[in-house]
Amino acid sequence: MAKRHISTSGMILRLATLLGLVFAAATARAGELEPWKTKSNAIIVDAYEMNSIDWETMLEDKRISGFIAKASDGLPESFSCTGDHNGDTFNHCKTMWRKYAVSRELYQTRRMIARSHGLLWGAYHLARPGNPVDQANHFLDYAEPRDDEVMVLDLEGLDPDKYMSLEDAAIFAGHIKTRTGRYPILYTNHVTARYIATHRAKYRLLSRLPLWYARYKPDIRQVFPMGNWDSYALWQFSSGVNCGKRRCPYRVPGTLDDIDVNVAAMSPLALKTVWAQGALLPEKPLPLLLVAKAEQGAGAASAARAGATFQPAPLLVSRAEASGGAGSGVDTMVTGSIVLGPSEAPALHLATAADDVKAHECAEVATGTDSLRLVAVKLPLCSNAQ
C-alpha cells in the first residue's frame with residue numbers, strides 16, 4: 001500500500017511541476033511590454049459620439065484595422081417632450097435628440113465609412129443599473145450587429161448605483177446569446193476584471209467572456225493569467241487619461257488626444273479571423289483551498305493536516321507558507337494522494353511537510369493508510385531539538 005501511495009504522490013508532484021511550467025508559459029505569453037510598438041500588431045480605435053474624427057486623415061494610418069463605436073447607453077430616454085421630466089423638460093429633450101437621433105445617425109454613418117474602407121466594425125453598450133434584458137434588446141435594436149461584427153458589454157465599474165451589477169451583466173450577456181447565437185465580449189478595467197476573476201465561481205459566465213482590457217500602463221506582465229483569462233482579446237492602452245500634448249502612447253491622425261486606442265497582439269489578418277468572437281473561453285478548474293490546523297508538535301516541530309472531498313477535477317498542487325503563533329515561518333510543500341472509490345467521489349487528504357526535514361536530520365516517515373479509498377502521507381516537521 002505504501003508503494004502505491006509513493007507512486008501516486010510522485011504523479012501528483014510531477015503534475016504540479018508540469019502545471020507550474022504551463023502557468024509560467026501562459027504568464028510569459030500574456031505579459032507584454034508596449035505591444036503597440038510592434039508594427040505588425042493591429043491597432044483598433046474606439047469612439048463615442050462626441051469624439052471628433054477626420055476620416056480621410058485617420059485612414060492614412062494603415063495600422064488601424066478596426067473601429068468600435070459606442071452604440072446604446074442604458075435604456076432609451078422617453079421620446080415624450082411633455083411632462084415635468086424632473087423639472088427640466090428642455091434639457092431632457094435636448095439630450096434625447098442628441099442621443100437617439102443625431103448619435104444614431106452618426107453611428108450608422110461611421111459604420112458605413114469604416115466598412116467601406118475595409119475596417120473591422122464593432123459596437124458597445126454602456127451598461128447602466130437595472131433592466132438587463134431591456135438593455136440588451138435596446139442595444140441590438142440600436143446597433144443592428146452583423147455576424148462579422150463584434151458586440152461589447154461595457155462595464156465601467158463595480159458601483160451598482162452607477163453601473164450594471166455583475167449579476168445583471170450576466171443576464172445581459174445571456175440574452176444577447178439567446179437572440180444572436182453569440183456572446184458579447186467584456187470591456188472593463190483592471191479592478192473590475194480582477195474582482196470577477198477572483199470570484200469566478202460566482203460569476204462563471206462573465207469570467208469566460210473574452211476580455212477587452214482597459215489599463216493605461218506600458219507593462220502588464222504581472223497581471224495575467226487572471227482567472228480564466230490568460231490574456232486580453234484587446235488592450236485599451238491610450239485615452240485622454242494618459243495622452244496629452246507632450247506625450248502620448250499612440251497618436252491617431254485626424255483625432256484629438258481624447259480618442260481611445262487599442263491593440264491586439266496579432267496581425268490584422270489574424271485579428272480578422274477571430275474578430276466577431278461569440279464563444280466562451282474554456283473554464284479552468286477552481287483551486288481547492290484547504291486550511292490546515294496543527295495536530296501535533298509546536299513551532300517548527302508542528303505538523304498540520306487537512307482533508308476535503310471534492311468532485312472529479314484536475315488537482316492543483318502548490319507551495320504554501322505556514323506560520324506559528326510564535327511568529328516563525330515554515331516553508332512547506334503540500335502533498336497528497338487520490339484513490340477513486342467504486343461508488344463515491346474521489347477523496348483527498350493533504351499533509352504539510354517541511355522542506356528542511358533532511359537538514360534537521362529528521363526521519364522521513366510515511367504513515368496513515370486510512371482505508372482502501374483514502375490514503376494520506378504525513379512527514380513530520382521537526383527542529384534540531386528532538
# chains A, B, ... in the order shown; residues from 1 in each chain; ligands from 1
>>> select_by_dssp(residues="region 66-240 of chain A", states="strand (DSSP E)", output="PyMOL selection string")
chain A and resi 66-73+120-126+150-154+185-189+211-214+234-238
>>> residues_around(residues="Asp73 (chain A)", least_positions_apart="3", cutoff="7 Å", atoms="only C-alpha atoms", output="PDB file with all heavy atoms, in the first residue's frame")
ATOM      1  N   HIS A 125     -22.168  48.616 -25.739  1.00  0.00           N
ATOM      2  CA  HIS A 125     -23.291  49.116 -24.947  1.00  0.00           C
ATOM      3  C   HIS A 125     -22.771  49.521 -23.581  1.00  0.00           C
ATOM      4  O   HIS A 125     -22.162  48.715 -22.872  1.00  0.00           O
ATOM      5  CB  HIS A 125     -24.362  48.037 -24.786  1.00  0.00           C
ATOM      6  CG  HIS A 125     -25.463  48.421 -23.842  1.00  0.00           C
ATOM      7  ND1 HIS A 125     -26.525  49.217 -24.222  1.00  0.00           N
ATOM      8  CD2 HIS A 125     -25.662  48.136 -22.520  1.00  0.00           C
ATOM      9  CE1 HIS A 125     -27.330  49.388 -23.190  1.00  0.00           C
ATOM     10  NE2 HIS A 125     -26.831  48.743 -22.143  1.00  0.00           N
ATOM     11  N   LEU A 126     -23.005  50.773 -23.193  1.00  0.00           N
ATOM     12  CA  LEU A 126     -22.624  51.242 -21.872  1.00  0.00           C
ATOM     13  C   LEU A 126     -23.691  50.797 -20.878  1.00  0.00           C
ATOM     14  O   LEU A 126     -24.832  51.270 -20.915  1.00  0.00           O
ATOM     15  CB  LEU A 126     -22.481  52.762 -21.866  1.00  0.00           C
ATOM     16  CG  LEU A 126     -22.004  53.405 -20.557  1.00  0.00           C
ATOM     17  CD1 LEU A 126     -20.693  52.791 -20.094  1.00  0.00           C
ATOM     18  CD2 LEU A 126     -21.859  54.908 -20.732  1.00  0.00           C
ATOM     19  N   ALA A 127     -23.331  49.871 -20.004  1.00  0.00           N
ATOM     20  CA  ALA A 127     -24.304  49.213 -19.129  1.00  0.00           C
ATOM     21  C   ALA A 127     -24.631  50.074 -17.915  1.00  0.00           C
ATOM     22  O   ALA A 127     -23.739  50.541 -17.209  1.00  0.00           O
ATOM     23  CB  ALA A 127     -23.754  47.861 -18.677  1.00  0.00           C
TER      24      ALA A 127
END
>>> residues_around(residues="region 186-189 of chain A", least_positions_apart="4", cutoff="8 Å", atoms="only C-alpha atoms", output="list in words")
Val152, Leu153, Asp154, Leu155, Glu156, Gly157, Ala193, Leu206, Leu209, Pro210, Leu211, Trp212, Tyr213, Ala214 and Arg215 of chain A
>>> residues_around(residues="region 102-104 of chain A", least_positions_apart="6", cutoff="10 Å", atoms="only C-alpha atoms", output="list in words")
Tyr48, Glu49, Met50, Lys70, Ala71, Ser72, Met96, Arg110, Tyr142 and Ala143 of chain A
>>> residues_around(residues="Pro129 (chain A)", least_positions_apart="5", cutoff="10 Å", atoms="only C-alpha atoms", output="MDAnalysis selection string")
chainID A and resid 74:75 135 159:166 168:169
>>> write_last_selection(atoms="N, CA and C atoms", output="PDB file, in the first residue's frame")
ATOM      1  N   GLY A  74     -27.465  52.426 -21.600  1.00  0.00           N
ATOM      2  CA  GLY A  74     -28.586  52.123 -20.712  1.00  0.00           C
ATOM      3  C   GLY A  74     -29.858  51.863 -21.486  1.00  0.00           C
ATOM      4  N   LEU A  75     -30.942  52.447 -21.010  1.00  0.00           N
ATOM      5  CA  LEU A  75     -32.239  52.345 -21.680  1.00  0.00           C
ATOM      6  C   LEU A  75     -32.522  53.632 -22.446  1.00  0.00           C
ATOM      7  N   GLN A 135     -32.150  46.349 -21.673  1.00  0.00           N
ATOM      8  CA  GLN A 135     -30.940  46.989 -22.198  1.00  0.00           C
ATOM      9  C   GLN A 135     -30.328  46.184 -23.338  1.00  0.00           C
ATOM     10  N   ASP A 159     -19.651  49.787  -8.876  1.00  0.00           N
ATOM     11  CA  ASP A 159     -20.671  50.502  -8.113  1.00  0.00           C
ATOM     12  C   ASP A 159     -22.046  50.256  -8.734  1.00  0.00           C
ATOM     13  N   PRO A 160     -22.927  49.488  -8.056  1.00  0.00           N
ATOM     14  CA  PRO A 160     -24.221  49.161  -8.659  1.00  0.00           C
ATOM     15  C   PRO A 160     -25.157  50.354  -8.780  1.00  0.00           C
ATOM     16  N   ASP A 161     -24.830  51.463  -8.124  1.00  0.00           N
ATOM     17  CA  ASP A 161     -25.649  52.672  -8.277  1.00  0.00           C
ATOM     18  C   ASP A 161     -25.315  53.429  -9.563  1.00  0.00           C
ATOM     19  N   LYS A 162     -24.135  53.174 -10.108  1.00  0.00           N
ATOM     20  CA  LYS A 162     -23.707  53.870 -11.331  1.00  0.00           C
ATOM     21  C   LYS A 162     -23.709  52.956 -12.547  1.00  0.00           C
ATOM     22  N   TYR A 163     -23.388  51.683 -12.311  1.00  0.00           N
ATOM     23  CA  TYR A 163     -23.213  50.766 -13.425  1.00  0.00           C
ATOM     24  C   TYR A 163     -24.029  49.491 -13.205  1.00  0.00           C
ATOM     25  N   MET A 164     -24.209  48.759 -14.246  1.00  0.00           N
ATOM     26  CA  MET A 164     -24.932  47.491 -14.165  1.00  0.00           C
ATOM     27  C   MET A 164     -24.231  46.548 -13.187  1.00  0.00           C
ATOM     28  N   SER A 165     -25.008  45.868 -12.370  1.00  0.00           N
ATOM     29  CA  SER A 165     -24.428  44.910 -11.433  1.00  0.00           C
ATOM     30  C   SER A 165     -23.861  43.719 -12.195  1.00  0.00           C
ATOM     31  N   LEU A 166     -22.963  42.978 -11.558  1.00  0.00           N
ATOM     32  CA  LEU A 166     -22.374  41.818 -12.212  1.00  0.00           C
ATOM     33  C   LEU A 166     -23.428  40.747 -12.484  1.00  0.00           C
ATOM     34  N   ASP A 168     -26.613  41.286 -13.152  1.00  0.00           N
ATOM     35  CA  ASP A 168     -27.381  41.732 -14.324  1.00  0.00           C
ATOM     36  C   ASP A 168     -26.547  41.666 -15.600  1.00  0.00           C
ATOM     37  N   ALA A 169     -25.245  41.880 -15.474  1.00  0.00           N
ATOM     38  CA  ALA A 169     -24.376  41.807 -16.648  1.00  0.00           C
ATOM     39  C   ALA A 169     -24.387  40.400 -17.250  1.00  0.00           C
TER      40      ALA A 169
END
>>> residues_around(residues="Arg251 (chain A)", least_positions_apart="4", cutoff="10 Å", atoms="only C-alpha atoms", output="CSV table (one decimal) with all heavy atoms, in the first residue's frame")
chain,number,residue,atom,x,y,z
A,61,ASP,N,-3.3,56.2,-41.5
A,61,ASP,CA,-2.6,55.2,-40.7
A,61,ASP,C,-3.0,53.8,-41.0
A,61,ASP,O,-4.1,53.4,-40.7
A,61,ASP,CB,-2.9,55.5,-39.2
A,61,ASP,CG,-2.1,54.7,-38.2
A,61,ASP,OD1,-1.5,53.7,-38.7
A,61,ASP,OD2,-2.1,55.0,-37.0
A,238,SER,N,-4.5,53.6,-24.5
A,238,SER,CA,-4.3,55.0,-24.6
A,238,SER,C,-5.7,55.7,-24.6
A,238,SER,O,-6.6,55.2,-25.3
A,238,SER,CB,-3.6,55.4,-25.8
A,238,SER,OG,-3.4,56.8,-26.0
A,239,SER,N,-5.8,56.8,-23.9
A,239,SER,CA,-7.1,57.6,-23.9
A,239,SER,C,-6.7,59.0,-23.4
A,239,SER,O,-5.5,59.3,-23.3
A,239,SER,CB,-8.1,57.0,-23.0
A,239,SER,OG,-7.8,57.2,-21.7
A,243,CYS,N,-2.9,60.5,-22.5
A,243,CYS,CA,-2.4,61.1,-23.8
A,243,CYS,C,-2.6,62.6,-23.7
A,243,CYS,O,-3.8,63.1,-23.5
A,243,CYS,CB,-3.2,60.5,-24.9
A,243,CYS,SG,-2.7,61.2,-26.6
A,244,GLY,N,-1.6,63.4,-23.9
A,244,GLY,CA,-1.7,64.8,-23.9
A,244,GLY,C,-0.8,65.4,-25.0
A,244,GLY,O,-0.2,64.7,-25.8
A,247,ARG,N,3.1,64.1,-24.4
A,247,ARG,CA,3.4,62.7,-24.6
A,247,ARG,C,2.1,61.9,-24.8
A,247,ARG,O,1.1,62.3,-24.2
A,247,ARG,CB,4.2,62.1,-23.5
A,247,ARG,CG,3.6,62.1,-22.1
A,247,ARG,CD,4.5,61.5,-21.1
A,247,ARG,NE,5.7,62.3,-20.9
A,247,ARG,CZ,6.7,61.9,-20.1
A,247,ARG,NH1,6.6,60.9,-19.3
A,247,ARG,NH2,7.8,62.7,-20.0
A,255,THR,N,-7.6,62.8,-35.2
A,255,THR,CA,-8.4,62.8,-34.0
A,255,THR,C,-7.7,63.6,-32.9
A,255,THR,O,-6.5,64.0,-33.1
A,255,THR,CB,-8.5,61.3,-33.5
A,255,THR,OG1,-7.3,60.9,-33.0
A,255,THR,CG2,-9.0,60.4,-34.5
A,256,LEU,N,-8.4,63.9,-31.9
A,256,LEU,CA,-7.9,64.6,-30.7
A,256,LEU,C,-7.3,63.6,-29.7
A,256,LEU,O,-7.4,62.4,-29.9
A,256,LEU,CB,-9.0,65.5,-30.1
A,256,LEU,CG,-9.6,66.5,-31.0
A,256,LEU,CD1,-10.7,67.2,-30.3
A,256,LEU,CD2,-8.6,67.5,-31.6
A,257,ASP,N,-6.7,64.2,-28.7
A,257,ASP,CA,-6.0,63.4,-27.7
A,257,ASP,C,-6.9,62.5,-26.9
A,257,ASP,O,-6.5,61.6,-26.2
A,257,ASP,CB,-5.2,64.3,-26.7
A,257,ASP,CG,-4.0,65.0,-27.4
A,257,ASP,OD1,-3.6,64.5,-28.5
A,257,ASP,OD2,-3.6,66.0,-26.9
A,258,ASP,N,-8.2,62.8,-26.9
A,258,ASP,CA,-9.2,62.0,-26.1
A,258,ASP,C,-9.7,60.7,-26.7
A,258,ASP,O,-10.5,60.0,-26.2
A,258,ASP,CB,-10.4,62.9,-25.7
A,258,ASP,CG,-11.2,63.3,-26.9
A,258,ASP,OD1,-10.7,63.3,-28.0
A,258,ASP,OD2,-12.3,63.8,-26.7
A,259,ILE,N,-9.2,60.4,-27.9
A,259,ILE,CA,-9.6,59.2,-28.6
A,259,ILE,C,-9.1,58.0,-27.9
A,259,ILE,O,-7.9,58.0,-27.4
A,259,ILE,CB,-9.2,59.2,-30.1
A,259,ILE,CG1,-10.0,58.2,-30.9
A,259,ILE,CG2,-7.7,59.0,-30.3
A,259,ILE,CD1,-11.4,58.7,-31.2
A,260,ASP,N,-9.8,56.9,-27.8
A,260,ASP,CA,-9.4,55.7,-27.2
A,260,ASP,C,-8.7,54.8,-28.2
A,260,ASP,O,-9.2,54.6,-29.3
A,260,ASP,CB,-10.5,54.9,-26.6
A,260,ASP,CG,-11.1,55.6,-25.4
A,260,ASP,OD1,-10.4,56.5,-24.8
A,260,ASP,OD2,-12.3,55.4,-25.0
A,261,VAL,N,-7.5,54.3,-27.9
A,261,VAL,CA,-6.7,53.5,-28.8
A,261,VAL,C,-6.5,52.1,-28.2
A,261,VAL,O,-6.2,52.0,-27.0
A,261,VAL,CB,-5.4,54.1,-29.2
A,261,VAL,CG1,-4.8,53.4,-30.4
A,261,VAL,CG2,-5.6,55.6,-29.5
>>> atom_distance(atom1="CA of Trp275 (chain A)", atom2="CA of Ser40 (chain A)")
16.5 Å
>>> select_by_dssp(residues="region 79-212 of chain A", states="helix (DSSP H, G or I)", output="VMD selection string")
chain A and resid 89 to 116 132 to 143 166 to 180 190 to 198 206 to 208
>>> closest_residue(among="A:Thr178, A:Tyr216, A:Trp229, A:Asn51", to="Arg194 (chain A)", atoms="only C-alpha atoms")
A:Trp229
>>> residues_around(residues="Arg179 (chain A)", least_positions_apart="5", cutoff="12 Å", atoms="only C-alpha atoms", output="PyMOL selection string")
chain A and resi 133+136-137+139-141+144-145+172-174+184
>>> write_last_selection(atoms="N, CA, C and O atoms", output="PDB file, in the first residue's frame")
ATOM      1  N   VAL A 133     -32.347  42.747 -19.509  1.00  0.00           N
ATOM      2  CA  VAL A 133     -32.942  42.216 -20.735  1.00  0.00           C
ATOM      3  C   VAL A 133     -33.377  43.359 -21.644  1.00  0.00           C
ATOM      4  O   VAL A 133     -33.138  43.345 -22.861  1.00  0.00           O
ATOM      5  N   ALA A 136     -30.351  44.856 -23.212  1.00  0.00           N
ATOM      6  CA  ALA A 136     -29.823  44.012 -24.287  1.00  0.00           C
ATOM      7  C   ALA A 136     -30.644  44.186 -25.565  1.00  0.00           C
ATOM      8  O   ALA A 136     -30.088  44.302 -26.667  1.00  0.00           O
ATOM      9  N   ASN A 137     -31.958  44.227 -25.410  1.00  0.00           N
ATOM     10  CA  ASN A 137     -32.817  44.443 -26.575  1.00  0.00           C
ATOM     11  C   ASN A 137     -32.566  45.812 -27.198  1.00  0.00           C
ATOM     12  O   ASN A 137     -32.534  45.967 -28.427  1.00  0.00           O
ATOM     13  N   PHE A 139     -29.794  47.546 -27.099  1.00  0.00           N
ATOM     14  CA  PHE A 139     -28.500  47.503 -27.790  1.00  0.00           C
ATOM     15  C   PHE A 139     -28.631  46.856 -29.166  1.00  0.00           C
ATOM     16  O   PHE A 139     -28.129  47.380 -30.166  1.00  0.00           O
ATOM     17  N   LEU A 140     -29.307  45.725 -29.234  1.00  0.00           N
ATOM     18  CA  LEU A 140     -29.443  45.021 -30.507  1.00  0.00           C
ATOM     19  C   LEU A 140     -30.269  45.825 -31.505  1.00  0.00           C
ATOM     20  O   LEU A 140     -29.971  45.844 -32.708  1.00  0.00           O
ATOM     21  N   ASP A 141     -31.314  46.494 -31.012  1.00  0.00           N
ATOM     22  CA  ASP A 141     -32.135  47.322 -31.899  1.00  0.00           C
ATOM     23  C   ASP A 141     -31.357  48.540 -32.404  1.00  0.00           C
ATOM     24  O   ASP A 141     -31.551  48.986 -33.536  1.00  0.00           O
ATOM     25  N   GLU A 144     -27.849  46.939 -34.426  1.00  0.00           N
ATOM     26  CA  GLU A 144     -28.125  46.026 -35.535  1.00  0.00           C
ATOM     27  C   GLU A 144     -26.858  45.294 -35.963  1.00  0.00           C
ATOM     28  O   GLU A 144     -26.425  45.365 -37.122  1.00  0.00           O
ATOM     29  N   PRO A 145     -26.222  44.571 -35.035  1.00  0.00           N
ATOM     30  CA  PRO A 145     -24.929  43.948 -35.342  1.00  0.00           C
ATOM     31  C   PRO A 145     -25.035  42.855 -36.401  1.00  0.00           C
ATOM     32  O   PRO A 145     -25.969  42.054 -36.409  1.00  0.00           O
ATOM     33  N   PHE A 172     -27.590  40.091 -19.134  1.00  0.00           N
ATOM     34  CA  PHE A 172     -27.447  40.827 -20.394  1.00  0.00           C
ATOM     35  C   PHE A 172     -26.720  39.969 -21.431  1.00  0.00           C
ATOM     36  O   PHE A 172     -27.178  39.794 -22.565  1.00  0.00           O
ATOM     37  N   ALA A 173     -25.564  39.426 -21.043  1.00  0.00           N
ATOM     38  CA  ALA A 173     -24.767  38.626 -21.973  1.00  0.00           C
ATOM     39  C   ALA A 173     -25.525  37.383 -22.423  1.00  0.00           C
ATOM     40  O   ALA A 173     -25.472  37.000 -23.601  1.00  0.00           O
ATOM     41  N   GLY A 174     -26.246  36.758 -21.493  1.00  0.00           N
ATOM     42  CA  GLY A 174     -27.021  35.580 -21.851  1.00  0.00           C
ATOM     43  C   GLY A 174     -28.142  35.887 -22.822  1.00  0.00           C
ATOM     44  O   GLY A 174     -28.440  35.086 -23.716  1.00  0.00           O
ATOM     45  N   PRO A 184     -21.369  38.495 -26.252  1.00  0.00           N
ATOM     46  CA  PRO A 184     -20.524  39.684 -26.426  1.00  0.00           C
ATOM     47  C   PRO A 184     -19.182  39.466 -25.743  1.00  0.00           C
ATOM     48  O   PRO A 184     -19.012  38.517 -24.962  1.00  0.00           O
TER      49      PRO A 184
END
>>> decode(residues="region 60-71 of chain A", atoms="all heavy atoms", output="CSV table (one decimal), in the first residue's frame")
chain,number,residue,atom,x,y,z
A,60,GLU,N,-5.1,57.4,-43.2
A,60,GLU,CA,-3.7,57.3,-43.6
A,60,GLU,C,-2.9,56.4,-42.8
A,60,GLU,O,-1.8,56.0,-43.2
A,60,GLU,CB,-3.1,58.8,-43.6
A,60,GLU,CG,-3.8,59.7,-44.7
A,60,GLU,CD,-3.3,61.1,-44.6
A,60,GLU,OE1,-2.4,61.4,-43.7
A,60,GLU,OE2,-3.7,62.0,-45.4
A,61,ASP,N,-3.3,56.2,-41.5
A,61,ASP,CA,-2.6,55.2,-40.7
A,61,ASP,C,-3.0,53.8,-41.0
A,61,ASP,O,-4.1,53.4,-40.7
A,61,ASP,CB,-2.9,55.5,-39.2
A,61,ASP,CG,-2.1,54.7,-38.2
A,61,ASP,OD1,-1.5,53.7,-38.7
A,61,ASP,OD2,-2.1,55.0,-37.0
A,62,LYS,N,-2.2,53.1,-41.8
A,62,LYS,CA,-2.5,51.8,-42.3
A,62,LYS,C,-2.5,50.7,-41.2
A,62,LYS,O,-2.9,49.6,-41.5
A,62,LYS,CB,-1.5,51.4,-43.4
A,62,LYS,CG,-1.6,52.4,-44.6
A,62,LYS,CD,-3.0,52.6,-45.1
A,62,LYS,CE,-3.0,53.6,-46.3
A,62,LYS,NZ,-4.4,53.8,-46.8
A,63,ARG,N,-2.0,51.0,-40.0
A,63,ARG,CA,-2.1,50.0,-38.9
A,63,ARG,C,-3.4,49.9,-38.3
A,63,ARG,O,-3.8,48.9,-37.6
A,63,ARG,CB,-1.1,50.4,-37.8
A,63,ARG,CG,0.4,50.1,-38.2
A,63,ARG,CD,1.3,50.3,-36.9
A,63,ARG,NE,0.9,49.3,-35.9
A,63,ARG,CZ,1.4,49.4,-34.7
A,63,ARG,NH1,2.2,50.4,-34.3
A,63,ARG,NH2,1.1,48.5,-33.8
A,64,ILE,N,-4.3,50.9,-38.5
A,64,ILE,CA,-5.6,50.9,-38.0
A,64,ILE,C,-6.5,49.9,-38.7
A,64,ILE,O,-6.7,50.0,-39.9
A,64,ILE,CB,-6.3,52.3,-38.0
A,64,ILE,CG1,-5.5,53.3,-37.1
A,64,ILE,CG2,-7.7,52.2,-37.5
A,64,ILE,CD1,-6.0,54.7,-37.2
A,65,SER,N,-6.9,48.8,-38.0
A,65,SER,CA,-7.5,47.7,-38.6
A,65,SER,C,-9.0,47.6,-38.2
A,65,SER,O,-9.8,46.9,-38.9
A,65,SER,CB,-6.8,46.4,-38.2
A,65,SER,OG,-5.5,46.5,-38.5
A,66,GLY,N,-9.4,48.3,-37.2
A,66,GLY,CA,-10.8,48.1,-36.7
A,66,GLY,C,-11.3,49.4,-36.0
A,66,GLY,O,-10.5,50.2,-35.6
A,67,PHE,N,-12.6,49.5,-35.9
A,67,PHE,CA,-13.2,50.6,-35.3
A,67,PHE,C,-14.4,50.1,-34.5
A,67,PHE,O,-15.3,49.4,-35.0
A,67,PHE,CB,-13.7,51.6,-36.3
A,67,PHE,CG,-14.1,53.0,-35.8
A,67,PHE,CD1,-13.2,54.1,-35.9
A,67,PHE,CD2,-15.3,53.2,-35.2
A,67,PHE,CE1,-13.6,55.3,-35.4
A,67,PHE,CE2,-15.7,54.4,-34.7
A,67,PHE,CZ,-14.8,55.5,-34.8
A,68,ILE,N,-14.5,50.5,-33.2
A,68,ILE,CA,-15.6,50.1,-32.3
A,68,ILE,C,-16.3,51.4,-31.9
A,68,ILE,O,-15.6,52.2,-31.3
A,68,ILE,CB,-15.1,49.3,-31.1
A,68,ILE,CG1,-14.3,48.0,-31.6
A,68,ILE,CG2,-16.3,48.8,-30.3
A,68,ILE,CD1,-13.8,47.2,-30.5
A,69,ALA,N,-17.5,51.5,-32.1
A,69,ALA,CA,-18.3,52.7,-31.8
A,69,ALA,C,-19.2,52.4,-30.6
A,69,ALA,O,-19.8,51.3,-30.5
A,69,ALA,CB,-19.1,53.1,-33.0
A,70,LYS,N,-19.4,53.5,-29.9
A,70,LYS,CA,-20.5,53.4,-28.9
A,70,LYS,C,-21.8,53.4,-29.5
A,70,LYS,O,-22.1,54.1,-30.5
A,70,LYS,CB,-20.4,54.6,-27.9
A,70,LYS,CG,-21.5,54.6,-26.9
A,70,LYS,CD,-21.5,55.9,-26.0
A,70,LYS,CE,-22.6,55.9,-25.0
A,70,LYS,NZ,-22.7,57.2,-24.3
A,71,ALA,N,-22.6,52.4,-29.1
A,71,ALA,CA,-24.0,52.3,-29.6
A,71,ALA,C,-24.9,52.9,-28.5
A,71,ALA,O,-25.1,54.1,-28.4
A,71,ALA,CB,-24.3,50.9,-30.0
